[in-house]
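Shown here: target.tsv, TSV, C-alpha atoms.
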chain	number	residue	atom	x	y	z
O	836	MET	CA	-65.90	-140.81	32.92
O	837	ILE	CA	-62.52	-142.20	33.99
O	838	TYR	CA	-63.67	-143.32	37.45
O	839	LEU	CA	-66.43	-145.53	36.14
O	840	LYS	CA	-64.11	-146.87	33.45
O	841	LEU	CA	-61.46	-147.73	36.06
O	842	PHE	CA	-64.02	-149.42	38.26
O	843	LEU	CA	-65.54	-151.50	35.45
O	844	THR	CA	-62.17	-152.49	33.94
O	845	PHE	CA	-60.81	-153.71	37.26
O	846	PHE	CA	-64.10	-155.36	38.13
O	847	LYS	CA	-63.70	-157.37	34.94
O	848	ILE	CA	-60.09	-158.21	35.82
O	849	GLY	CA	-61.13	-159.33	39.30
O	850	LEU	CA	-63.99	-161.41	37.96
O	851	PHE	CA	-61.99	-163.32	35.37
O	852	THR	CA	-58.76	-164.12	37.18
O	853	PHE	CA	-58.39	-167.46	38.87
O	854	GLY	CA	-55.50	-168.65	40.99
O	855	GLY	CA	-52.54	-166.93	42.52
O	856	GLY	CA	-49.19	-165.58	41.48
O	857	TYR	CA	-49.09	-164.09	38.04
O	858	ALA	CA	-52.49	-165.41	36.95
O	859	MET	CA	-53.68	-161.82	36.85
O	860	LEU	CA	-50.84	-160.56	34.66
O	861	PRO	CA	-52.22	-161.45	31.20
O	862	LEU	CA	-55.60	-159.83	31.81
O	863	ILE	CA	-54.13	-156.73	33.43
O	864	GLN	CA	-51.63	-156.40	30.61
O	865	ALA	CA	-54.33	-156.73	27.94
O	866	GLU	CA	-56.58	-154.15	29.63
O	867	VAL	CA	-54.00	-151.49	30.50
O	868	LEU	CA	-52.37	-151.71	27.06
O	869	GLU	CA	-55.73	-151.42	25.35
O	870	ASN	CA	-56.67	-148.36	27.41
O	871	GLU	CA	-53.14	-146.97	26.95
O	872	TRP	CA	-52.82	-146.56	30.71
O	873	MET	CA	-49.34	-148.11	30.74
O	874	THR	CA	-46.72	-149.45	28.31
O	875	ASN	CA	-45.11	-152.90	28.45
O	876	THR	CA	-41.96	-151.29	29.89
O	877	GLU	CA	-43.95	-149.61	32.66
O	878	ILE	CA	-45.74	-152.89	33.38
O	879	MET	CA	-42.41	-154.66	33.90
O	880	ASN	CA	-41.12	-151.85	36.12
O	881	PHE	CA	-44.28	-152.10	38.14
O	882	VAL	CA	-44.14	-155.88	38.50
O	883	ALA	CA	-40.78	-155.28	40.20
O	884	VAL	CA	-42.24	-152.59	42.45
O	885	SER	CA	-45.11	-154.88	43.33
O	886	GLU	CA	-42.79	-157.78	44.17
O	887	SER	CA	-40.79	-155.55	46.49
O	888	THR	CA	-43.72	-154.06	48.36
O	889	PRO	CA	-46.19	-155.90	50.55
O	890	GLY	CA	-49.61	-156.87	49.31
O	891	PRO	CA	-51.13	-158.82	46.47
O	892	PHE	CA	-50.09	-158.01	42.89
O	893	ALA	CA	-53.67	-157.35	41.78
O	894	ILE	CA	-54.32	-154.78	44.50
O	895	ASN	CA	-50.97	-153.08	43.95
O	896	MET	CA	-51.57	-152.90	40.22
O	897	ALA	CA	-55.13	-151.59	40.59
O	898	THR	CA	-54.00	-148.90	43.04
O	899	PHE	CA	-51.09	-147.88	40.84
O	900	VAL	CA	-53.04	-147.66	37.58
O	901	GLY	CA	-55.84	-145.84	39.41
O	902	THR	CA	-53.47	-143.28	40.93
O	903	GLU	CA	-51.73	-142.67	37.62
O	904	THR	CA	-54.94	-142.13	35.67
O	905	GLY	CA	-57.38	-140.67	38.19
O	906	GLY	CA	-55.50	-139.65	41.33
O	907	ILE	CA	-56.44	-140.97	44.72
O	908	PHE	CA	-60.13	-141.34	43.90
O	909	GLY	CA	-59.14	-143.21	40.74
O	910	ALA	CA	-57.09	-145.58	42.92
O	911	PHE	CA	-60.10	-146.06	45.18
O	912	CYS	CA	-62.38	-146.93	42.23
O	913	SER	CA	-60.00	-149.42	40.61
O	914	THR	CA	-59.15	-151.14	43.89
O	915	LEU	CA	-62.82	-151.38	44.82
O	916	GLY	CA	-63.44	-152.81	41.35
O	917	VAL	CA	-60.81	-155.54	41.61
O	918	VAL	CA	-61.90	-156.57	45.12
O	919	MET	CA	-65.67	-156.55	44.64
O	920	PRO	CA	-66.11	-159.75	42.55
O	921	SER	CA	-64.08	-161.85	45.02
O	922	PHE	CA	-65.92	-160.36	47.95
O	923	ILE	CA	-69.37	-161.11	46.56
O	924	VAL	CA	-68.46	-164.57	45.25
O	925	ILE	CA	-66.79	-165.62	48.51
O	926	LEU	CA	-69.76	-164.46	50.57
O	927	LEU	CA	-71.98	-166.67	48.41
O	928	VAL	CA	-69.56	-169.59	48.52
O	929	ALA	CA	-69.08	-169.34	52.29
O	930	THR	CA	-72.85	-169.54	52.70
O	931	PHE	CA	-73.32	-172.51	50.39
O	932	TYR	CA	-69.93	-174.09	50.99
O	933	GLU	CA	-70.89	-177.76	51.16
O	934	LYS	CA	-72.80	-177.54	47.88
O	935	PHE	CA	-70.00	-175.62	46.23
O	936	LYS	CA	-67.37	-178.14	47.29
O	937	LYS	CA	-69.21	-181.01	45.63
O	938	ASN	CA	-70.06	-179.07	42.50
O	939	LYS	CA	-68.65	-180.95	39.51
O	940	ALA	CA	-69.17	-178.03	37.13
O	941	VAL	CA	-66.77	-175.83	39.12
O	942	ALA	CA	-64.16	-178.59	39.21
O	943	GLY	CA	-64.64	-179.19	35.49
O	944	CYS	CA	-64.14	-175.54	34.57
O	945	MET	CA	-60.99	-175.48	36.70
O	946	THR	CA	-59.45	-178.32	34.68
O	947	GLY	CA	-59.54	-175.93	31.74
O	948	LEU	CA	-58.76	-172.68	33.58
O	949	ARG	CA	-55.58	-173.84	35.34
O	950	PRO	CA	-53.61	-174.82	32.25
O	951	ALA	CA	-55.10	-171.84	30.40
O	952	ALA	CA	-53.55	-169.51	32.97
O	953	ILE	CA	-50.14	-171.01	32.22
O	954	GLY	CA	-50.51	-170.54	28.46
O	955	LEU	CA	-51.72	-166.98	28.97
O	956	ILE	CA	-48.92	-166.02	31.36
O	957	ALA	CA	-46.40	-167.50	28.92
O	958	SER	CA	-47.86	-165.33	26.20
O	959	ALA	CA	-47.73	-162.24	28.45
O	960	ALA	CA	-44.12	-163.08	29.34
O	961	LEU	CA	-43.23	-163.38	25.65
O	962	SER	CA	-44.54	-159.93	24.85
O	963	LEU	CA	-42.78	-158.45	27.88
O	964	ALA	CA	-39.54	-160.18	26.85
O	965	ILE	CA	-39.79	-158.71	23.37
O	966	THR	CA	-40.14	-155.25	24.93
O	967	ALA	CA	-37.21	-155.86	27.28
O	968	PHE	CA	-34.83	-157.19	24.64
O	969	PHE	CA	-35.98	-155.38	21.51
O	970	ALA	CA	-36.96	-151.95	22.78
O	971	ASP	CA	-36.64	-150.43	19.30
O	972	GLY	CA	-38.37	-153.24	17.42
O	973	VAL	CA	-37.15	-156.65	16.33
O	974	ASN	CA	-34.19	-156.18	13.96
O	975	ALA	CA	-30.60	-157.29	13.49
O	976	GLN	CA	-29.30	-153.95	14.80
O	977	VAL	CA	-30.20	-155.09	18.31
O	978	PHE	CA	-27.42	-157.67	18.34
O	979	LYS	CA	-24.85	-154.89	18.11
O	980	ASN	CA	-26.19	-153.26	21.26
O	981	VAL	CA	-24.44	-154.06	24.50
O	982	GLU	CA	-27.77	-153.51	26.33
O	983	PHE	CA	-29.16	-156.61	24.66
O	984	TYR	CA	-26.37	-158.81	26.01
O	985	ILE	CA	-26.56	-157.34	29.51
O	986	SER	CA	-30.31	-157.99	29.61
O	987	ALA	CA	-29.84	-161.53	28.30
O	988	VAL	CA	-27.16	-162.40	30.85
O	989	VAL	CA	-29.12	-160.87	33.74
O	990	CYS	CA	-32.26	-162.68	32.64
O	991	ILE	CA	-30.55	-166.09	32.38
O	992	VAL	CA	-28.58	-165.79	35.63
O	993	MET	CA	-31.62	-164.53	37.54
O	994	THR	CA	-33.82	-167.30	36.16
O	995	VAL	CA	-31.38	-169.88	37.48
O	996	LEU	CA	-31.27	-168.13	40.86
O	997	ALA	CA	-35.07	-167.76	40.98
O	998	LEU	CA	-35.51	-171.47	40.26
O	999	LYS	CA	-33.11	-172.14	43.13
O	1000	LYS	CA	-35.63	-170.28	45.31
O	1001	VAL	CA	-33.62	-167.14	45.89
O	1002	HIS	CA	-36.05	-164.56	47.29
O	1003	PRO	CA	-37.65	-162.24	44.67
O	1004	ILE	CA	-36.50	-159.12	46.51
O	1005	LYS	CA	-32.89	-160.27	46.34
O	1006	ILE	CA	-33.30	-160.95	42.61
O	1007	ILE	CA	-34.74	-157.50	42.01
O	1008	THR	CA	-32.04	-155.81	44.10
O	1009	ALA	CA	-29.25	-157.70	42.33
O	1010	SER	CA	-30.73	-156.88	38.91
O	1011	ALA	CA	-30.98	-153.20	39.85
O	1012	VAL	CA	-27.34	-153.15	40.99
O	1013	VAL	CA	-26.19	-154.75	37.72
O	1014	GLY	CA	-28.27	-152.22	35.79
O	1015	ILE	CA	-26.81	-149.25	37.68
O	1016	VAL	CA	-23.20	-150.50	37.55
O	1017	CYS	CA	-23.31	-151.39	33.84
O	1018	GLY	CA	-25.24	-148.21	33.04
O	1019	TYR	CA	-22.69	-145.86	34.59
O	1020	ALA	CA	-19.61	-147.94	33.67
O	1021	LEU	CA	-20.53	-148.12	29.98
O	1022	ASN	CA	-22.37	-144.79	29.98
O	1023	LEU	CA	-25.41	-146.37	28.34
O	1024	PRO	CA	-27.91	-144.08	26.66
O	1025	VAL	CA	-31.21	-143.77	28.55
P	11	MET	CA	-72.53	-163.50	71.91
P	12	ASN	CA	-72.84	-160.03	73.40
P	13	LYS	CA	-72.47	-156.99	71.22
P	14	GLN	CA	-69.23	-155.75	72.68
P	15	GLY	CA	-67.63	-159.14	72.18
P	16	LYS	CA	-68.57	-159.09	68.54
P	17	LEU	CA	-67.30	-155.56	67.98
P	18	TYR	CA	-64.02	-156.49	69.62
P	19	LYS	CA	-63.74	-159.55	67.38
P	20	ILE	CA	-64.34	-157.40	64.30
P	21	TRP	CA	-61.64	-154.98	65.43
P	22	LEU	CA	-59.23	-157.90	65.95
P	23	LEU	CA	-60.07	-159.24	62.50
P	24	PHE	CA	-59.24	-155.89	60.97
P	25	LEU	CA	-55.92	-155.67	62.83
P	26	THR	CA	-54.96	-159.23	61.99
P	27	PHE	CA	-55.61	-158.86	58.28
P	28	PHE	CA	-54.00	-155.44	58.20
P	29	LYS	CA	-50.89	-157.11	59.58
P	30	ILE	CA	-51.13	-159.92	57.04
P	31	GLY	CA	-51.52	-157.39	54.21
P	32	ALA	CA	-48.61	-155.31	55.46
P	33	PHE	CA	-46.16	-158.19	55.81
P	34	THR	CA	-46.76	-160.43	52.83
P	35	PHE	CA	-44.62	-159.80	49.81
P	36	GLY	CA	-45.72	-161.07	46.44
P	37	GLY	CA	-49.22	-161.80	47.71
P	38	GLY	CA	-51.19	-164.94	46.96
P	39	TYR	CA	-49.79	-168.13	48.38
P	40	ALA	CA	-47.17	-166.25	50.37
P	41	MET	CA	-50.07	-165.19	52.56
P	42	ILE	CA	-51.26	-168.68	53.52
P	43	PRO	CA	-48.58	-169.47	56.14
P	44	LEU	CA	-49.18	-166.11	57.82
P	45	ILE	CA	-52.95	-166.66	57.86
P	46	GLN	CA	-52.33	-170.07	59.36
P	47	LYS	CA	-50.14	-168.61	62.09
P	48	GLU	CA	-52.29	-165.60	62.96
P	49	VAL	CA	-55.80	-166.90	62.47
P	50	ALA	CA	-55.54	-170.63	63.19
P	51	ASP	CA	-52.64	-171.03	65.65
P	52	LYS	CA	-52.84	-167.77	67.56
P	53	ARG	CA	-56.53	-166.80	67.57
P	54	LYS	CA	-58.01	-170.27	67.00
P	55	TRP	CA	-60.74	-168.72	64.85
P	56	ILE	CA	-60.44	-171.46	62.27
P	57	THR	CA	-58.89	-174.93	62.16
P	58	GLU	CA	-56.07	-176.38	60.09
P	59	LYS	CA	-58.64	-178.13	57.93
P	60	ASP	CA	-60.31	-174.79	57.24
P	61	ILE	CA	-56.99	-173.57	55.82
P	62	LEU	CA	-57.03	-176.36	53.23
P	63	ASP	CA	-60.61	-175.47	52.38
P	64	ILE	CA	-59.64	-171.84	52.01
P	65	ILE	CA	-56.86	-172.69	49.56
P	66	ALA	CA	-59.23	-174.88	47.56
P	67	ILE	CA	-61.90	-172.18	47.46
P	68	ALA	CA	-59.48	-169.38	46.68
P	69	GLU	CA	-58.18	-171.38	43.75
P	70	SER	CA	-61.57	-172.09	42.25
P	71	THR	CA	-63.18	-168.68	42.65
P	72	PRO	CA	-62.26	-165.49	40.83
P	73	GLY	CA	-60.04	-162.84	42.33
P	74	PRO	CA	-56.78	-162.53	44.22
P	75	ILE	CA	-56.12	-165.30	46.76
P	76	ALA	CA	-55.44	-162.71	49.47
P	77	VAL	CA	-58.85	-161.10	49.10
P	78	ASN	CA	-60.61	-164.45	48.81
P	79	SER	CA	-59.05	-165.80	51.99
P	80	ALA	CA	-59.62	-162.60	53.97
P	81	THR	CA	-63.28	-162.50	52.97
P	82	PHE	CA	-63.77	-166.20	53.74
P	83	VAL	CA	-62.09	-166.14	57.14
P	84	GLY	CA	-63.82	-162.89	58.12
P	85	PHE	CA	-67.21	-164.31	57.20
P	86	LYS	CA	-66.61	-167.53	59.14
P	87	VAL	CA	-65.55	-165.62	62.24
P	88	ALA	CA	-67.99	-162.72	62.34
P	89	GLY	CA	-70.40	-162.78	59.38
P	90	PHE	CA	-70.75	-160.03	56.81
P	91	TRP	CA	-69.02	-157.27	58.77
P	92	GLY	CA	-66.22	-159.66	59.63
P	93	ALA	CA	-65.73	-160.29	55.91
P	94	PHE	CA	-65.90	-156.57	55.21
P	95	VAL	CA	-63.28	-155.47	57.75
P	96	SER	CA	-60.94	-158.37	56.95
P	97	THR	CA	-60.96	-157.48	53.26
P	98	LEU	CA	-60.51	-153.80	54.06
P	99	GLY	CA	-57.63	-154.68	56.37
P	100	VAL	CA	-55.79	-156.82	53.84
P	101	VAL	CA	-56.16	-154.23	51.07
P	102	LEU	CA	-55.37	-151.07	53.03
P	103	PRO	CA	-51.56	-151.47	53.44
P	104	SER	CA	-51.04	-152.03	49.69
P	105	PHE	CA	-53.30	-149.13	48.89
P	106	VAL	CA	-51.40	-146.68	51.07
P	107	ILE	CA	-47.93	-147.91	50.13
P	108	ILE	CA	-48.60	-147.94	46.40
P	109	THR	CA	-50.15	-144.47	46.43
P	110	VAL	CA	-46.92	-143.19	48.00
P	111	ILE	CA	-44.76	-145.16	45.55
P	112	ALA	CA	-46.71	-143.86	42.55
P	113	TYR	CA	-45.92	-140.36	43.76
P	114	LEU	CA	-42.23	-141.18	44.26
P	115	LEU	CA	-41.91	-142.88	40.88
P	116	LYS	CA	-43.40	-139.84	39.19
P	117	ASN	CA	-40.80	-137.61	40.80
P	118	PHE	CA	-37.72	-139.80	40.60
P	119	SER	CA	-38.16	-141.81	37.42
P	120	ASP	CA	-36.25	-139.26	35.31
P	121	TYR	CA	-33.02	-139.71	37.24
P	122	LYS	CA	-30.36	-141.56	35.29
P	123	GLY	CA	-29.57	-143.93	38.17
P	124	VAL	CA	-33.23	-144.89	38.54
P	125	LYS	CA	-33.48	-145.54	34.80
P	126	TYR	CA	-30.39	-147.76	34.89
P	127	ALA	CA	-31.78	-149.62	37.90
P	128	PHE	CA	-35.04	-150.33	36.09
P	129	PHE	CA	-33.12	-151.41	32.98
P	130	GLY	CA	-31.54	-154.16	35.07
P	131	ILE	CA	-34.75	-154.88	36.94
P	132	ARG	CA	-36.79	-155.52	33.77
P	133	ALA	CA	-34.54	-158.45	32.89
P	134	GLY	CA	-34.80	-159.73	36.47
P	135	VAL	CA	-38.60	-159.48	36.42
P	136	LEU	CA	-38.74	-161.77	33.40
P	137	ALA	CA	-36.85	-164.32	35.50
P	138	LEU	CA	-39.45	-164.02	38.27
P	139	ILE	CA	-42.28	-164.54	35.81
P	140	VAL	CA	-40.54	-167.61	34.36
P	141	LYS	CA	-40.17	-168.97	37.88
P	142	GLY	CA	-43.87	-168.33	38.52
P	143	LEU	CA	-44.69	-170.22	35.33
P	144	VAL	CA	-42.55	-173.19	36.34
P	145	SER	CA	-44.16	-173.50	39.78
P	146	MET	CA	-47.67	-173.23	38.30
P	147	TYR	CA	-46.75	-175.86	35.73
P	148	LYS	CA	-45.70	-178.24	38.50
P	149	GLN	CA	-49.15	-177.99	40.08
P	150	VAL	CA	-51.17	-178.67	36.95
P	151	PRO	CA	-52.27	-182.27	36.32
P	152	LYS	CA	-50.16	-183.69	33.51
P	153	ASN	CA	-52.64	-184.99	30.95
P	154	PRO	CA	-53.46	-184.37	27.28
P	155	VAL	CA	-56.28	-181.93	28.12
P	156	SER	CA	-53.86	-179.73	30.10
P	157	TYR	CA	-51.23	-179.73	27.38
P	158	ILE	CA	-53.72	-178.92	24.64
P	159	VAL	CA	-55.29	-176.08	26.62
P	160	MET	CA	-51.89	-174.65	27.54
P	161	GLY	CA	-50.63	-174.69	23.96
P	162	VAL	CA	-53.82	-173.41	22.38
P	163	ALA	CA	-54.27	-170.61	24.94
P	164	PHE	CA	-50.68	-169.51	24.40
P	165	ALA	CA	-50.89	-169.58	20.60
P	166	LEU	CA	-54.26	-167.81	20.38
P	167	VAL	CA	-53.09	-164.82	22.42
P	168	ALA	CA	-49.44	-164.70	21.33
P	169	PHE	CA	-49.90	-165.18	17.59
P	170	PHE	CA	-53.54	-164.50	16.76
P	171	ASP	CA	-54.31	-161.60	19.09
P	172	VAL	CA	-57.44	-163.28	20.45
P	173	SER	CA	-58.77	-161.54	23.57
P	174	VAL	CA	-57.58	-163.00	26.90
P	175	LEU	CA	-61.14	-162.96	28.20
P	176	LEU	CA	-62.46	-165.04	25.30
P	177	VAL	CA	-59.65	-167.56	25.73
P	178	LEU	CA	-60.42	-167.92	29.46
P	179	ILE	CA	-64.12	-168.47	28.82
P	180	GLY	CA	-63.34	-170.93	26.02
P	181	CYS	CA	-60.92	-172.91	28.18
P	182	ALA	CA	-63.40	-173.07	31.09
P	183	VAL	CA	-66.07	-174.48	28.77
P	184	PHE	CA	-63.58	-176.90	27.20
P	185	GLY	CA	-62.49	-178.09	30.66
P	186	LEU	CA	-66.11	-178.58	31.71
P	187	VAL	CA	-67.05	-180.51	28.57
P	188	THR	CA	-64.00	-182.79	28.62
P	189	SER	CA	-64.41	-183.54	32.32
P	190	ILE	CA	-68.06	-184.52	31.74
P	191	ILE	CA	-67.05	-186.78	28.85
P	192	ILE	CA	-64.26	-188.37	30.88
P	193	SER	CA	-66.47	-189.05	33.91
P	194	ARG	CA	-69.25	-190.50	31.68
P	195	ARG	CA	-66.74	-192.83	30.09
P	196	ALA	CA	-65.42	-193.90	33.48
P	197	LYS	CA	-68.99	-194.65	34.55
P	198	ASN	CA	-69.64	-196.73	31.40
P	199	ASP	CA	-66.44	-198.68	31.94
P	200	LEU	CA	-67.56	-199.52	35.46
P	201	SER	CA	-71.02	-200.75	34.46
How does the structure come out when it is put into structure tokens?
Amino acid sequence: MIYLKLFLTFFKIGLFTFGGGYAMLPLIQAEVLENEWMTNTEIMNFVAVSESTPGPFAINMATFVGTETGGIFGAFCSTLGVVMPSFIVILLVATFYEKFKKNKAVAGCMTGLRPAAIGLIASAALSLAITAFFADGVNAQVFKNVEFYISAVVCIVMTVLALKKVHPIKIITASAVVGIVCGYALNLPV
Amino acid sequence: MNKQGKLYKIWLLFLTFFKIGAFTFGGGYAMIPLIQKEVADKRKWITEKDILDIIAIAESTPGPIAVNSATFVGFKVAGFWGAFVSTLGVVLPSFVIITVIAYLLKNFSDYKGVKYAFFGIRAGVLALIVKGLVSMYKQVPKNPVSYIVMGVAFALVAFFDVSVLLVLIGCAVFGLVTSIIISRRAKNDLS
């Protein structure tokens, strides 16, 4: 029953992700790889799509995975799943807000969850980087491939630009242009 | 409030959050300034202080910040149905756009040019993730507990294949326990 599976998986993702930005990436990566819904390469492609389209990453990802695996109704189930935990929790919190604000247990858990998110995203980034740079496995052969050096240069230059607060869409566009130009100029295998 | 007034408010909530969903790229914190402009400055549904509360709540409850803030604002303005339509509004644009994109990707991803573009893009995406990491790192309190949790969480998943879920639960418990110990000690020092 793919619809129920999509709903439950994304419910779990919604329930266990705290904070913004890429906090959701590690959990989404773990779940979609385990279910073989996407590969690491497809995840990276989709992160780019998600950064260049409006809307939160989690919703975009849920809709995309849902569409790919179960069509439009699949997308509905996974999106409903990822939204539901927040919706219920926020309704509760909004009702008992004053108590929630002073709750030391919540604050205590957050002192562990915030740094954990960083460690987890770093780990997700590492595995994505390995896929990007060593598409055919980690071996010395890679260092003879021109693709490896193009990726490395793009990655370093774009990191510097990103840290200088260049807008993500500009970074993605520039990376795409470099990919297309180098690809055709050097006639890279695809 | 009369019924028509409330219905109109709910309709406005939907429109406002639809707009916010349709015009925020990258989601999350990118949405906060727009919420501030539309909901606090323009409609005066909530105050500036509420915005700070919303950020604090969104950060300490599960789920995407966009959904959390939409639900919270909607509930404050018009109760359950306010929360419902705001969340629906903020999700709908992504849902429609991504369904279309999934279809396009399926049909165009075999073109050589598209493959080359994504080859470049994958390296660029790593840069964006690194940037995201750096800005999250800047916001985390710099103390031994943070560093230990960061390192251990990274190592467990990267090298020992421990499940992400288990690590999250473990780190929440560890954070709770250490914060209790630290506050007890502070109390003892005072007395």
For this session: For Ile64 in chain P, please output as a PyMOL selection string all residues within 12 Å (counting all atoms listed in the file; exclusion window: fewer than 2 positions along the same chain).
Result: (chain O and resi 925+928-929+932+936) or (chain P and resi 39+41-42+45-46+50+56-62+66-71+75-86)
For this session: Dump as a VMD selection string all residues having an atom at most 10 Å from (-29.4, -157.2, 28.9), computed in the file's coordinates with all atoms listed in the file.
Result: (chain O and resid 967 to 968 980 to 991 1013 to 1014 1017) or (chain P and resid 129 to 134)
Problem set entry | Which residue of O:Cys944, O:Met919, O:Val1001, O:Leu841 approaches chain P most closely, using only C-alpha atoms |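 Of all the options, O:Cys944 lies closest to chain P.
Taking CA of Leu23 in chain P as the reference point, CA of Lys847 in chain O is found at 27.9 Å.
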Exercise. What gap, in Å, lies between CA of Ile179 in chain P and CA of Asn938 in chain O?
Worked result: 18.3 Å
For this session: Could you check which of O:Phe931, O:Tyr857, O:Phe846, O:Trp872 is closest to Gly905 in chain O, using only C-alpha atoms?
Result: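 Once distances to Gly905 in chain O are computed over only C-alpha atoms, the minimum belongs to O:Trp872.
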Exercise. For chain O, which residue out of P:Pro72, P:Gly99, P:Pro151, P:Gly92 is the nearest one, using all atoms listed in the file?
Worked result: P:Pro72
For this session: Point out the residue among O:Met873, O:Leu839, O:Cys912, O:Val882 with the least atom-to-atom distance to chain P, counting all atoms listed in the file.
Result: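 Selected residue with least distance to chain P: O:Val882.
Proximity to chain P was assessed for O:Val1016, O:Ala951, O:Ile923, O:Val977 counting only C-alpha atoms; the smallest distance is recorded for O:Ala951.
Among the candidates O:Thr1008, O:Asn880, O:Asn870, O:Ser885, the one nearest to Phe105 in chain P when counting all atoms listed in the file is O:Ser885.
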Exercise. Using all atoms listed in the file, which residues sit within 9 Å of Gly31 in chain P once same-chain residues fewer than 4 positions away are excluded, as an MDAnalysis selection string?
Worked result: (chainID O and resid 889:891) or (chainID P and resid 26:27 35 37 41 76 99:104)
For this session: Starting from the point (-64.4, -182.7, 30.5), work out which residues of protein, DNA or RNA have an atom no more than 10 Å away when counting all atoms listed in the file; state them as a ChimeraX atom specification.
Result: /O:940,942-944,946-947 /P:155,182-194
File dump, residues just selected, C-alpha atoms, as a short mmCIF file (atom, residue, chain, number, x, y, z; two decimals), in the frame of the given file:
data_model
loop_
_atom_site.label_atom_id
_atom_site.label_comp_id
_atom_site.auth_asym_id
_atom_site.auth_seq_id
_atom_site.Cartn_x
_atom_site.Cartn_y
_atom_site.Cartn_z
CA ALA O 940 -69.17 -178.03 37.13
CA ALA O 942 -64.16 -178.59 39.21
CA GLY O 943 -64.64 -179.19 35.49
CA CYS O 944 -64.14 -175.54 34.57
CA THR O 946 -59.45 -178.32 34.68
CA GLY O 947 -59.54 -175.93 31.74
CA VAL P 155 -56.28 -181.93 28.12
CA ALA P 182 -63.40 -173.07 31.09
CA VAL P 183 -66.07 -174.48 28.77
CA PHE P 184 -63.58 -176.90 27.20
CA GLY P 185 -62.49 -178.09 30.66
CA LEU P 186 -66.11 -178.58 31.71
CA VAL P 187 -67.05 -180.51 28.57
CA THR P 188 -64.00 -182.79 28.62
CA SER P 189 -64.41 -183.54 32.32
CA ILE P 190 -68.06 -184.52 31.74
CA ILE P 191 -67.05 -186.78 28.85
CA ILE P 192 -64.26 -188.37 30.88
CA SER P 193 -66.47 -189.05 33.91
CA ARG P 194 -69.25 -190.50 31.68
#
Problem set entry | Surrounding residues of Leu862 in chain O excluding itself and chain neighbours under 6 positions, 8 Å, all atoms listed in the file, as a PyMOL selection string | (chain O and resi 848+852) or (chain P and resi 174-175)
For this session: Tell me, as a ChimeraX atom specification, which residues lie within 9 Å of range 119-125 of chain P, counting all atoms listed in the file; anything in the same chain fewer than 2 positions away does not count.
Result: /O:1011,1014-1015,1018-1019,1025 /P:114-117,127-130
Take the residues just selected and output them with C-alpha atoms as a short mmCIF file (atom, residue, chain, number, x, y, z; two decimals), keeping the file's coordinate frame.
data_model
loop_
_atom_site.label_atom_id
_atom_site.label_comp_id
_atom_site.auth_asym_id
_atom_site.auth_seq_id
_atom_site.Cartn_x
_atom_site.Cartn_y
_atom_site.Cartn_z
CA ALA O 1011 -30.98 -153.20 39.85
CA GLY O 1014 -28.27 -152.22 35.79
CA ILE O 1015 -26.81 -149.25 37.68
CA GLY O 1018 -25.24 -148.21 33.04
CA TYR O 1019 -22.69 -145.86 34.59
CA VAL O 1025 -31.21 -143.77 28.55
CA LEU P 114 -42.23 -141.18 44.26
CA LEU P 115 -41.91 -142.88 40.88
CA LYS P 116 -43.40 -139.84 39.19
CA ASN P 117 -40.80 -137.61 40.80
CA ALA P 127 -31.78 -149.62 37.90
CA PHE P 128 -35.04 -150.33 36.09
CA PHE P 129 -33.12 -151.41 32.98
CA GLY P 130 -31.54 -154.16 35.07
#
Exercise. What lies within 12 Å of Leu143 in chain P using only C-alpha atoms, ignoring chain neighbours under 4 positions off, as a ChimeraX atom specification?
Worked result: /O:855-858,860,949-961,994,997-998 /P:136-139,147-150,160
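CA of Ser1010 in chain O sits 14.4 Å away from CA of Phe881 in chain O.
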Fill-in result for range 140-148 of chain P, N, CA and C atoms as a PDB file, keeping the file's coordinate frame:
ATOM      1  N   VAL P 140     -40.852-166.242  34.792  1.00  0.00           N
ATOM      2  CA  VAL P 140     -40.540-167.610  34.360  1.00  0.00           C
ATOM      3  C   VAL P 140     -40.637-168.570  35.549  1.00  0.00           C
ATOM      4  N   LYS P 141     -40.104-168.131  36.691  1.00  0.00           N
ATOM      5  CA  LYS P 141     -40.170-168.970  37.880  1.00  0.00           C
ATOM      6  C   LYS P 141     -41.631-169.234  38.284  1.00  0.00           C
ATOM      7  N   GLY P 142     -42.445-168.183  38.226  1.00  0.00           N
ATOM      8  CA  GLY P 142     -43.870-168.330  38.520  1.00  0.00           C
ATOM      9  C   GLY P 142     -44.521-169.344  37.603  1.00  0.00           C
ATOM     10  N   LEU P 143     -44.155-169.277  36.314  1.00  0.00           N
ATOM     11  CA  LEU P 143     -44.690-170.220  35.330  1.00  0.00           C
ATOM     12  C   LEU P 143     -44.313-171.657  35.691  1.00  0.00           C
ATOM     13  N   VAL P 144     -43.030-171.847  36.028  1.00  0.00           N
ATOM     14  CA  VAL P 144     -42.550-173.190  36.340  1.00  0.00           C
ATOM     15  C   VAL P 144     -43.303-173.756  37.551  1.00  0.00           C
ATOM     16  N   SER P 145     -43.497-172.927  38.596  1.00  0.00           N
ATOM     17  CA  SER P 145     -44.160-173.500  39.780  1.00  0.00           C
ATOM     18  C   SER P 145     -45.650-173.750  39.517  1.00  0.00           C
ATOM     19  N   MET P 146     -46.276-172.936  38.649  1.00  0.00           N
ATOM     20  CA  MET P 146     -47.670-173.230  38.300  1.00  0.00           C
ATOM     21  C   MET P 146     -47.755-174.517  37.473  1.00  0.00           C
ATOM     22  N   TYR P 147     -46.767-174.680  36.583  1.00  0.00           N
ATOM     23  CA  TYR P 147     -46.750-175.860  35.730  1.00  0.00           C
ATOM     24  C   TYR P 147     -46.657-177.136  36.564  1.00  0.00           C
ATOM     25  N   LYS P 148     -45.870-177.065  37.643  1.00  0.00           N
ATOM     26  CA  LYS P 148     -45.700-178.240  38.500  1.00  0.00           C
ATOM     27  C   LYS P 148     -47.004-178.660  39.167  1.00  0.00           C
TER      28      LYS P 148
END
